[in-house]
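Each remark here refers to the structure printed beneath this line.
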Amino acid sequence: MDKKWINITRKWVDWLPFLSLLIASLLINQLSNYPYLVEKYYSTGIFPWIATAQRWLFGWMPFSFGDITYVGVLGIGLVKIIQCSIRSFQQKITISNLVHSLRFLANIALSVYLIFHLFWGLNYTRLGIAYQLGISQHTYSAKELHELNCDLVEALNTTRISLGDSLVIYPDLRQTFRLSSEAYLISEKQFPFLRYRYPAIKPSLLTEVVSYAGYSGYYNPFSGEAQVNTDLPAFLQPFVCAHEMAHQLGYASEGEANFVAYLTALNAKDSFLHYSALFELFLSANAALMEIDFDAAVLNNRYLHKWVRQDKRIYRNFLLGKKNKLEPVIKSAYDQYLKANQQERGILSYDEWIGWAIAYQKKYG
């Protein structure tokens, strides 16, 4: 064969992985425009098998395999960057070398994009929990928000009193993991789509970093593990567990994960999970009320039982103790990440569960 054709063939072979990954990424991107297909064939078809296999593979480990992997990849990445920087000073940079390096980086980026969307990311474009329950994403009125907050104040006070006095001992993290898993087993009887097997929820190995970044927990789509920030006050941890487990079931939207966690708490026998979910919903709902009726929101806080107010102070002090200059930057980046994944309201999408909670209450009582 002619040398010229050999060189052309080699060049095509070099570009083949990049072109294949690019075409596959474009196809995945186009699929996100068809929520019904994503819901039917991916979110309730392929994904449950992928997620269950991930939890089966890594759930038995007493530590977070995903956290260790993240740290390892970051470390290797930093070493590679340093090595490339040294070489660039020692050697003459040619167009060929530059193209090769850029193609290599593009292949890595496209591979991560594909794996992320195939393992979990497509769930951002599914029809989701509102479709499964037959409710709409409710645009609530001021009156409905008032009523929800009144109900929450009463439920919060009653539930908190049932737990005992101000010295109540909350379950430790391992007990909380078990209680949250049991809550999903109960919810599955009423809502089969909340079937959860092979728990893989673990304490974060990066708690200090997570706390200062302002997060309560996170889901690793590459290992299927859910991690909880162990610095959190104990009364918040049950809801965070249920929220991260909702992500494991394919509810990618933060608002959906909040609502699924709340729905699971409603069906749970455990009062700690009830209280944790009611506490979180009240924080969101009363903050929303404060924007339209400040005086009513202040009164709601005054009507809270002294033990609930005590827990609010504990939570506020926790947030103040972790406040730093880096947190807003990280949250801004996460806001852009959510918007890039079809969450138009970005980080504000966490509060969408208020509308779903009202819509669910109107339909189911």
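Starting from 1 in every chain, residues are counted up; chains themselves are A, B, ... following the order of the structure tokens, and ligands are numbered from 1 as listed.
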>> Could you pull out the alpha helix (DSSP H) residues of stretch 160-337 of chain A, going by DSSP on the backbone, and write them as a PyMOL selection string?
In response: chain A and resi 160-163+173-190+207-213+237-248+254-267+271-292+294-303+306-321+326-337
> What separation in Å, quoted to one decimal, exists between atom CA of A:Thr125 and atom CA of A:Gln361?
Replying inline: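 Separation of atom CA of A:Thr125 and atom CA of A:Gln361: 25.1 Å.
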> What does the distance from atom CA of A:Asn229 to atom CA of A:Leu249 come to in Å, to one decimal?
Replying inline: 19.7 Å
>> Quick one: residues within 12 Å of A:Ser141, only C-alpha atoms, excluding same-chain residues fewer than 3 positions away - as a VMD selection string?
In response: chain A and resid 138 144 to 148 288 to 289 292 354 to 355 358 to 359
Taking 4 positions as the minimum chain separation for residues in the same chain, which residues sit within 7 Å of A:Tyr219 when counting only C-alpha atoms? Answer as a compact mmCIF listing (two decimals) with C-alpha atoms, in the first residue's frame.
# COMPACT_ATOMS: atom_id res chain seq x y z
CA GLU A 225 -23.47 5.36 46.32
CA ALA A 226 -25.17 8.09 48.35
CA GLN A 227 -23.14 10.02 50.91
CA GLU A 244 -30.11 10.91 48.57
CA HIS A 247 -31.51 10.20 43.76
> A:Trp307, A:Phe235, A:Phe116, A:Tyr70: which is nearest A:Ser25, counting only C-alpha atoms?
Replying inline: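 Checking each candidate against A:Ser25, we get A:Phe116 as the closest.
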>> Please return, as a list of chain:residue names, all residues of stretch 190-258 of chain A that DSSP assigns to strand (DSSP E) on the basis of the backbone.
In response: A:Ile201, A:Lys202, A:Pro203, A:Gly217, A:Tyr218, A:Tyr219, A:Ala226, A:Gln227, A:Val228
Take the residues just selected and output them with N, CA and C atoms as a PDB file, in the first residue's frame.
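File out-v8.pdb, as written:
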ATOM      1  N   ILE A 201     -25.875   3.627  51.196  1.00  0.00           N
ATOM      2  CA  ILE A 201     -25.828   4.993  51.713  1.00  0.00           C
ATOM      3  C   ILE A 201     -24.816   5.034  52.843  1.00  0.00           C
ATOM      4  N   LYS A 202     -23.894   5.987  52.772  1.00  0.00           N
ATOM      5  CA  LYS A 202     -22.712   5.940  53.633  1.00  0.00           C
ATOM      6  C   LYS A 202     -22.333   7.331  54.146  1.00  0.00           C
ATOM      7  N   PRO A 203     -21.592   7.362  55.251  1.00  0.00           N
ATOM      8  CA  PRO A 203     -21.063   8.665  55.702  1.00  0.00           C
ATOM      9  C   PRO A 203     -20.003   9.155  54.720  1.00  0.00           C
ATOM     10  N   GLY A 217     -25.532  16.410  51.568  1.00  0.00           N
ATOM     11  CA  GLY A 217     -25.215  15.070  51.072  1.00  0.00           C
ATOM     12  C   GLY A 217     -25.034  15.133  49.566  1.00  0.00           C
ATOM     13  N   TYR A 218     -24.689  14.024  48.947  1.00  0.00           N
ATOM     14  CA  TYR A 218     -24.510  13.995  47.502  1.00  0.00           C
ATOM     15  C   TYR A 218     -24.571  12.556  47.004  1.00  0.00           C
ATOM     16  N   TYR A 219     -24.884  12.428  45.725  1.00  0.00           N
ATOM     17  CA  TYR A 219     -24.994  11.120  45.078  1.00  0.00           C
ATOM     18  C   TYR A 219     -23.872  10.976  44.060  1.00  0.00           C
ATOM     19  N   ALA A 226     -24.694   6.808  47.824  1.00  0.00           N
ATOM     20  CA  ALA A 226     -25.175   8.088  48.355  1.00  0.00           C
ATOM     21  C   ALA A 226     -24.387   8.383  49.621  1.00  0.00           C
ATOM     22  N   GLN A 227     -23.946   9.620  49.758  1.00  0.00           N
ATOM     23  CA  GLN A 227     -23.137  10.015  50.909  1.00  0.00           C
ATOM     24  C   GLN A 227     -23.857  11.091  51.712  1.00  0.00           C
ATOM     25  N   VAL A 228     -23.748  11.003  53.057  1.00  0.00           N
ATOM     26  CA  VAL A 228     -24.385  11.971  53.949  1.00  0.00           C
ATOM     27  C   VAL A 228     -23.313  12.728  54.720  1.00  0.00           C
TER      28      VAL A 228
END
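Taking atom CA of A:Leu319 and atom CA of A:Asn286 as the two end points, the separation is 17.8 Å.
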